[in-house]
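Trainee: What follows is the file my_file_25.txt, containing compact mmCIF, C-alpha atoms and all ligand atoms:
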```txt
# COMPACT_ATOMS: atom_id res chain seq x y z
CA MET K 269 -16.61 -104.22 30.71
CA THR K 270 -14.78 -101.47 32.59
CA ASN K 271 -11.16 -102.08 33.33
CA ASN K 272 -9.44 -100.27 36.18
CA ASN K 273 -6.03 -100.74 37.69
CA MET K 274 -4.48 -101.42 34.33
CA ILE K 275 -0.83 -100.62 33.62
CA PHE K 276 0.26 -98.76 30.48
CA ILE K 277 3.97 -98.48 29.88
CA ALA K 278 5.45 -96.31 27.15
CA ASN K 279 8.81 -97.72 26.10
CA TRP K 280 10.47 -94.98 24.07
CA LYS K 281 13.54 -97.08 23.29
CA MET K 282 16.24 -94.97 21.58
CA ASN K 283 13.85 -92.13 20.76
CA GLY K 284 13.09 -88.76 22.27
CA GLU K 285 14.87 -85.45 22.29
CA LYS K 286 14.06 -82.65 24.69
CA ARG K 287 11.90 -81.00 22.05
CA HIS K 288 9.65 -84.07 21.82
CA ILE K 289 8.52 -83.81 25.42
CA TYR K 290 5.85 -81.17 24.83
CA ASP K 291 3.65 -83.79 23.14
CA ILE K 292 3.29 -85.56 26.51
CA ASN K 293 1.11 -82.67 27.71
CA LYS K 294 -1.78 -84.44 26.00
CA THR K 295 -1.20 -87.60 28.04
CA ILE K 296 -0.83 -85.55 31.22
CA ASN K 297 -4.15 -83.78 30.65
CA PHE K 298 -5.82 -87.04 29.76
CA SER K 299 -4.43 -88.76 32.88
CA LYS K 300 -6.23 -86.25 35.12
CA ASN K 301 -9.59 -87.73 34.17
CA SER K 302 -10.90 -89.44 37.32
CA LYS K 303 -11.47 -92.72 35.50
CA ILE K 304 -7.97 -92.80 34.05
CA LYS K 305 -6.45 -91.96 37.43
CA LYS K 306 -7.35 -95.45 38.60
CA ASN K 307 -4.80 -96.86 36.15
CA LEU K 308 -1.03 -96.69 36.17
CA ILE K 309 0.83 -94.91 33.36
CA ILE K 310 4.61 -95.19 33.20
CA TYR K 311 6.94 -93.47 30.74
CA CYS K 312 10.30 -95.14 30.10
CA PRO K 313 12.34 -92.64 28.07
CA PRO K 314 16.06 -92.90 27.33
CA PHE K 315 18.30 -92.12 30.35
CA THR K 316 18.83 -88.61 28.97
CA LEU K 317 15.20 -87.62 29.58
CA ILE K 318 14.47 -89.25 32.93
CA SER K 319 14.94 -86.20 35.10
CA LYS K 320 13.20 -83.89 32.61
CA LEU K 321 10.19 -86.18 32.48
CA LYS K 322 10.16 -86.62 36.24
CA ASN K 323 9.96 -82.86 36.55
CA LYS K 324 7.16 -82.71 34.04
CA MET K 325 5.18 -85.38 35.86
CA LYS K 326 5.18 -83.42 39.12
CA ASN K 327 1.58 -83.14 40.35
CA THR K 328 0.46 -86.02 38.12
CA ASN K 329 -0.01 -89.74 38.71
CA ILE K 330 2.32 -90.64 35.86
CA LYS K 331 5.49 -92.51 36.78
CA VAL K 332 8.87 -92.54 35.11
CA GLY K 333 11.14 -95.51 34.49
CA ALA K 334 14.39 -96.43 32.79
CA GLN K 335 14.91 -99.06 30.09
CA ASP K 336 17.83 -100.96 31.62
CA ILE K 337 20.53 -100.79 34.29
CA HIS K 338 24.00 -102.12 34.98
CA TYR K 339 23.87 -105.04 37.39
CA LEU K 340 26.20 -103.54 40.02
CA ASN K 341 24.79 -101.36 42.79
CA ASN K 342 28.05 -99.70 43.68
CA TYR K 343 29.53 -96.78 41.82
CA GLY K 344 32.75 -97.42 39.96
CA ALA K 345 34.86 -97.37 36.84
CA TYR K 346 32.32 -98.68 34.32
CA THR K 347 32.43 -96.22 31.47
CA GLY K 348 29.14 -95.79 29.67
CA SER K 349 27.11 -97.64 32.29
CA VAL K 350 24.22 -96.47 34.45
CA ASN K 351 23.13 -98.35 37.55
CA ALA K 352 20.04 -98.52 39.73
CA LYS K 353 21.26 -95.82 42.14
CA LEU K 354 21.85 -93.40 39.26
CA ILE K 355 18.46 -93.84 37.64
CA LYS K 356 16.82 -93.55 41.02
CA SER K 357 18.60 -90.30 41.72
CA ALA K 358 17.52 -89.05 38.28
CA GLY K 359 13.89 -89.70 39.26
CA ALA K 360 13.03 -93.19 38.02
CA ASP K 361 10.66 -95.35 40.05
CA TYR K 362 10.63 -98.23 37.57
CA VAL K 363 13.06 -100.05 35.32
CA ILE K 364 12.58 -102.42 32.40
CA ILE K 365 14.83 -105.48 32.71
CA GLY K 366 15.28 -108.35 30.26
CA HIS K 367 13.89 -106.55 27.24
CA SER K 368 14.48 -108.64 24.13
CA GLU K 369 16.45 -105.81 22.54
CA LYS K 370 18.94 -106.18 25.42
CA ARG K 371 18.93 -109.96 25.71
CA PHE K 372 21.66 -110.23 23.07
CA GLN K 373 24.05 -109.18 25.85
CA ASP K 374 22.23 -110.38 28.95
CA ASP K 375 21.61 -114.03 29.76
CA ASP K 376 19.08 -115.16 32.37
CA ILE K 377 21.65 -115.02 35.18
CA MET K 378 22.57 -111.43 34.32
CA ILE K 379 18.90 -110.50 34.21
CA ASN K 380 18.45 -112.01 37.66
CA LYS K 381 21.37 -109.91 38.96
CA LYS K 382 19.86 -106.77 37.46
CA ILE K 383 16.44 -107.45 38.98
CA LYS K 384 18.01 -107.95 42.41
CA SER K 385 20.04 -104.81 42.02
CA ALA K 386 16.94 -102.78 41.12
CA LEU K 387 14.89 -104.17 44.01
CA LYS K 388 17.73 -103.42 46.42
CA GLU K 389 17.46 -99.74 45.44
CA LYS K 390 13.68 -99.89 45.91
CA LEU K 391 12.91 -99.61 42.23
CA LYS K 392 9.97 -101.44 40.73
CA VAL K 393 10.81 -103.85 37.95
CA ILE K 394 9.18 -104.51 34.60
CA PHE K 395 10.58 -107.97 33.87
CA CYS K 396 10.35 -108.95 30.18
CA ILE K 397 10.19 -112.53 28.98
CA GLY K 398 9.29 -114.11 25.66
CA GLU K 399 10.26 -116.65 23.03
CA THR K 400 11.92 -116.07 19.64
CA SER K 401 10.19 -117.08 16.42
CA LYS K 402 12.52 -120.08 16.11
CA GLU K 403 11.66 -121.24 19.63
CA LYS K 404 7.98 -120.81 18.85
CA LYS K 405 8.32 -122.79 15.63
CA ASN K 406 10.09 -125.57 17.53
CA LYS K 407 7.33 -125.58 20.16
CA LEU K 408 9.73 -124.51 22.88
CA THR K 409 7.72 -121.54 24.16
CA LEU K 410 6.68 -123.11 27.46
CA ARG K 411 10.18 -124.38 28.16
CA VAL K 412 11.72 -120.98 27.40
CA LEU K 413 9.24 -119.09 29.56
CA LYS K 414 9.83 -121.50 32.42
CA ARG K 415 13.60 -121.07 32.16
CA GLN K 416 13.44 -117.28 31.91
CA LEU K 417 11.09 -117.02 34.91
CA THR K 418 12.86 -119.58 37.08
CA ILE K 419 16.33 -118.09 36.63
CA GLY K 420 15.18 -114.47 36.38
CA LEU K 421 13.34 -114.70 39.71
CA MET K 422 15.90 -116.92 41.46
CA ASN K 423 16.49 -116.04 45.14
CA ILE K 424 13.90 -113.28 45.04
CA ASN K 425 11.40 -113.86 47.79
CA LYS K 426 8.96 -111.05 47.32
CA ILE K 427 7.65 -110.30 43.87
CA ASN K 428 5.12 -107.60 44.73
CA ASN K 429 7.35 -104.98 43.07
CA ILE K 430 7.74 -106.93 39.86
CA ILE K 431 5.47 -106.61 36.82
CA ILE K 432 5.89 -109.49 34.38
CA ALA K 433 5.77 -108.42 30.74
CA TYR K 434 5.18 -111.23 28.28
CA GLU K 435 6.67 -110.01 25.02
CA PRO K 436 7.14 -112.65 22.33
CA ARG K 437 10.32 -111.49 20.60
CA TRP K 438 8.87 -112.10 17.16
CA ALA K 439 6.01 -109.72 17.93
CA ILE K 440 8.19 -106.75 18.86
CA GLY K 441 8.23 -104.06 16.22
CA THR K 442 6.89 -106.43 13.55
CA GLY K 443 3.20 -105.54 13.51
CA LYS K 444 2.38 -109.17 14.40
CA ILE K 445 0.63 -110.26 17.57
CA PRO K 446 -0.10 -113.80 18.78
CA ASN K 447 -3.53 -115.20 18.07
CA LEU K 448 -5.77 -114.94 21.08
CA ILE K 449 -5.91 -118.65 21.84
CA GLU K 450 -2.13 -118.88 21.85
CA LEU K 451 -1.76 -115.69 23.88
CA ASN K 452 -4.32 -116.81 26.41
CA LYS K 453 -2.50 -120.12 26.80
CA ASN K 454 0.89 -118.46 27.24
CA ILE K 455 -0.41 -115.96 29.79
CA LYS K 456 -2.04 -118.79 31.75
CA ASN K 457 1.24 -120.70 31.67
CA VAL K 458 3.20 -117.67 32.91
CA ASN K 459 0.65 -117.24 35.67
CA LYS K 460 0.98 -120.85 36.73
CA ILE K 461 4.78 -120.91 36.59
CA VAL K 462 5.12 -117.80 38.75
CA THR K 463 2.36 -118.88 41.14
CA ASP K 464 4.14 -122.22 41.65
CA LEU K 465 7.55 -120.62 41.99
CA LYS K 466 6.49 -117.90 44.40
CA LYS K 467 3.84 -119.63 46.48
CA ASN K 468 0.72 -117.82 45.37
CA GLN K 469 1.95 -114.27 45.77
CA ASN K 470 0.10 -111.55 43.90
CA PHE K 471 1.68 -110.20 40.76
CA ARG K 472 0.56 -108.73 37.47
CA ILE K 473 1.18 -109.84 33.91
CA ILE K 474 1.10 -107.44 30.99
CA TYR K 475 1.60 -107.97 27.26
CA GLY K 476 3.96 -106.21 24.85
CA GLY K 477 4.76 -106.53 21.15
CA SER K 478 3.21 -104.43 18.36
CA VAL K 479 0.33 -103.17 20.51
CA ASN K 480 -1.57 -100.45 18.66
CA TYR K 481 -4.94 -98.70 18.76
CA LYS K 482 -6.41 -101.25 16.34
CA ASN K 483 -5.32 -104.59 17.79
CA ILE K 484 -5.96 -103.42 21.35
CA ASN K 485 -9.64 -104.31 20.82
CA GLU K 486 -8.57 -107.93 20.49
CA LEU K 487 -5.90 -107.93 23.18
CA ILE K 488 -8.22 -106.64 25.90
CA LYS K 489 -10.27 -109.80 25.52
CA ILE K 490 -7.57 -111.66 27.47
CA LYS K 491 -8.88 -111.27 31.00
CA ASP K 492 -5.64 -112.21 32.77
CA LEU K 493 -3.76 -109.32 31.16
CA LYS K 494 -3.41 -106.34 33.46
CA GLY K 495 -1.83 -103.93 31.04
CA PHE K 496 0.43 -103.31 28.07
CA LEU K 497 4.03 -102.43 27.28
CA ILE K 498 3.93 -100.22 24.22
CA GLY K 499 6.84 -99.27 22.00
CA SER K 500 6.34 -97.37 18.76
CA ALA K 501 2.66 -96.63 19.41
CA SER K 502 3.65 -94.76 22.58
CA LEU K 503 5.84 -92.21 20.87
CA ARG K 504 2.91 -89.97 20.04
CA SER K 505 0.51 -89.18 22.86
CA LYS K 506 -2.47 -89.43 20.58
CA ASN K 507 -1.85 -93.10 19.79
CA PHE K 508 -0.93 -93.92 23.38
CA ILE K 509 -4.11 -92.27 24.68
CA ASP K 510 -6.24 -94.15 22.14
CA ILE K 511 -4.85 -97.44 23.46
CA ILE K 512 -5.52 -96.46 27.07
CA LYS K 513 -9.03 -95.25 26.24
CA LYS K 514 -9.96 -98.46 24.47
CA SER K 515 -8.52 -100.63 27.24
CA THR K 516 -10.32 -98.84 30.03
CA ASN K 517 -13.74 -98.40 28.43
P1 LIG W 1 6.57 -102.34 19.95
O1 LIG W 1 7.62 -102.52 21.12
O2 LIG W 1 5.26 -101.94 20.57
O3 LIG W 1 7.15 -101.24 19.08
O4 LIG W 1 6.47 -103.64 19.24
C1 LIG W 1 7.23 -103.09 22.34
C2 LIG W 1 8.44 -103.27 23.20
O5 LIG W 1 9.53 -103.51 22.67
O6 LIG W 1 8.38 -103.17 24.43
```
Using the file provided, produce a representation of the structure as structure tokens.
Ligand code: PGA
Mentor:
Amino acid sequence: MTNNNMIFIANWKMNGEKRHIYDINKTINFSKNSKIKKNLIIYCPPFTLISKLKNKMKNTNIKVGAQDIHYLNNYGAYTGSVNAKLIKSAGADYVIIGHSEKRFQDDDIMINKKIKSALKEKLKVIFCIGETSKEKKNKLTLRVLKRQLTIGLMNINKINNIIIAYEPRWAIGTGKIPNLIELNKNIKNVNKIVTDLKKNQNFRIIYGGSVNYKNINELIKIKDLKGFLIGSASLRSKNFIDIIKKSTN
């Protein structure tokens, strides 16, 4: 099977100093391969590296994104905050919203505001959803996903600039991934919920949570997955490239 048009997102979280950028040269060289060019690679570094990375990605197909934004579009007295306009002016084309590591402060309504704010500034959104281990244990996964998607996408008519990232919270940074039957079922449910909510519009679903170059062989068996959101395994180009290679072979 050859997969094209896959999405690979490197979520650097709170990692990355200027001196770490040189390692990305490997990904840049790799991305010039004609087969790889058919896929989308996005780097989401901390705010501090957005413009540096944007500069580095000149003449490449690699895109740059941020990891979060403030919900307000206007500038103002919000010390320590960064909004959609600011990340856009720094060079971001994408933004992650609703990541589980930010959901401690953002409820579904806030996430919906942030998504709207990003779309208003013509940013593309990587919208994260997923259940906690407690919710999974209590068999609430479907209900949680439905709630997150319904409120998160409320009053948003067009979803062509939204990538849905299913990231079970218990799988993030733990080395655990869902079994394939369960993952397949959850992805199908997400697909159905969004298709029903948004009247059959096209959109893409990716998976995130402990993706690495070993378990990718399993994960790519899920046909409805169109890519991966990768945290720790994206910090070194070598590991990130291995994942892309295996997914696109
Ligand atoms: P992980 O992170 O790959 O380190 O589990 C994924 C994510 O948080 O997006």
Trainee: Could you give me, as CSV, every chain K residue with an atom at most 6 Å from ligand LIG 1 (chain W), plus its closest atom pair and distance in Å to one decimal, counting all atoms listed in the file, rows ordered by chain then number?
Mentor:
```
residue,atom,partner,partner_atom,distance
K:Asn279,CA,W:LIG1,O6,5.7
K:Ile440,CA,W:LIG1,O4,3.6
K:Gly441,CA,W:LIG1,O4,3.5
K:Gly476,CA,W:LIG1,C1,5.2
K:Gly477,CA,W:LIG1,O4,3.9
K:Ser478,CA,W:LIG1,O4,3.5
K:Val479,CA,W:LIG1,O2,5.1
K:Leu497,CA,W:LIG1,O6,5.3
K:Ile498,CA,W:LIG1,O2,4.2
K:Gly499,CA,W:LIG1,O2,3.4
K:Ser500,CA,W:LIG1,O3,4.0
```
Trainee: Which of these residues is nearest to Lys402 (chain K), using all atoms listed in the file: K:Tyr339, K:Trp438, K:Phe372, K:Tyr481?
Mentor: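 Looking only at the distances to Lys402 (chain K), the closest residue turns out to be K:Trp438.
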Trainee: Neighbours of Ser357 (chain K) within 10 Å (only C-alpha atoms; same-chain residues fewer than 5 positions away dropped), as a compact mmCIF listing (two decimals) with C-alpha atoms, in the coordinates of the input?
Mentor:
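Writing the result to part07.txt gives the following:
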```txt
# COMPACT_ATOMS: atom_id res chain seq x y z
CA ILE K 318 14.47 -89.25 32.93
CA SER K 319 14.94 -86.20 35.10
CA ALA K 352 20.04 -98.52 39.73
```
Trainee: Can you tell me which residues surround Asn307 (chain K) at a distance of at most 6 Å, considering all atoms listed in the file, apart from same-chain residues fewer than 3 positions away, and format the answer as a PDB file with C-alpha atoms, in the coordinates of the input?
Mentor:
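Final output, saved to result-v9.pdb:
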```pdb
ATOM      1  CA  ASN K 272      -9.440-100.270  36.180  1.00  0.00           C
ATOM      2  CA  ASN K 273      -6.030-100.740  37.690  1.00  0.00           C
ATOM      3  CA  MET K 274      -4.480-101.420  34.330  1.00  0.00           C
ATOM      4  CA  ILE K 304      -7.970 -92.800  34.050  1.00  0.00           C
TER       5      ILE K 304
END
```
Trainee: Val350 (chain K): which residues within 7 Å, counting all atoms listed in the file, same-chain residues fewer than 4 positions away excluded, as a list in words?
Mentor: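 Contacts, with the query itself left out: Ile337, His338 and Leu354 of chain K.
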Trainee: Those selected residues, please, written with C-alpha atoms and delivered as an mmCIF file, in the coordinates of the input.
Mentor:
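Contents of the output file selection.cif:
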```
data_model
loop_
_atom_site.group_PDB
_atom_site.id
_atom_site.type_symbol
_atom_site.label_atom_id
_atom_site.label_comp_id
_atom_site.auth_asym_id
_atom_site.auth_seq_id
_atom_site.Cartn_x
_atom_site.Cartn_y
_atom_site.Cartn_z
ATOM 1 C CA ILE K 337 20.530 -100.790 34.290
ATOM 2 C CA HIS K 338 24.000 -102.120 34.980
ATOM 3 C CA LEU K 354 21.850 -93.400 39.260
#
```
Trainee: What's the 10 Å shell around Lys514 (chain K), counting all atoms listed in the file, without same-chain residues fewer than 6 positions away, as a PyMOL selection string?
Mentor: chain K and resi 270-271+481-482+484-485+488
Trainee: Nearest to Ile445 (chain K): which of K:Leu487, K:Met422, K:Ile355, K:Val332 is it, counting only C-alpha atoms?
Mentor: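 Nearest to Ile445 (chain K): K:Leu487.
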Trainee: Go through K:Gly398, K:Gly420, K:Gly359, K:Gly333 and flag the residue nearest Lys384 (chain K), using only C-alpha atoms for the distances.
Mentor: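 For Lys384 (chain K), the nearest of the candidates is K:Gly420.
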Trainee: Find, counting all atoms listed in the file, the residue in K:Ile397, K:Leu448, K:Ile419, K:Ile424 that gets nearest to Ile377 (chain K).
Mentor: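 Closest residue, counting all atoms listed in the file: K:Ile419.
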Trainee: For a test of reading the model, state the distance in Å between CA of Gly348 (chain K) and CA of Phe276 (chain K), rounded to one decimal.
Mentor: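 That distance, rounded to one decimal, is 29.0 Å.
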Trainee: For Asn283 (chain K), which of K:Leu503, K:Leu413, K:Ala334, K:Ile461 is the closest residue, counting all atoms listed in the file?
Mentor: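 Smallest distance to Asn283 (chain K) is found for K:Leu503.
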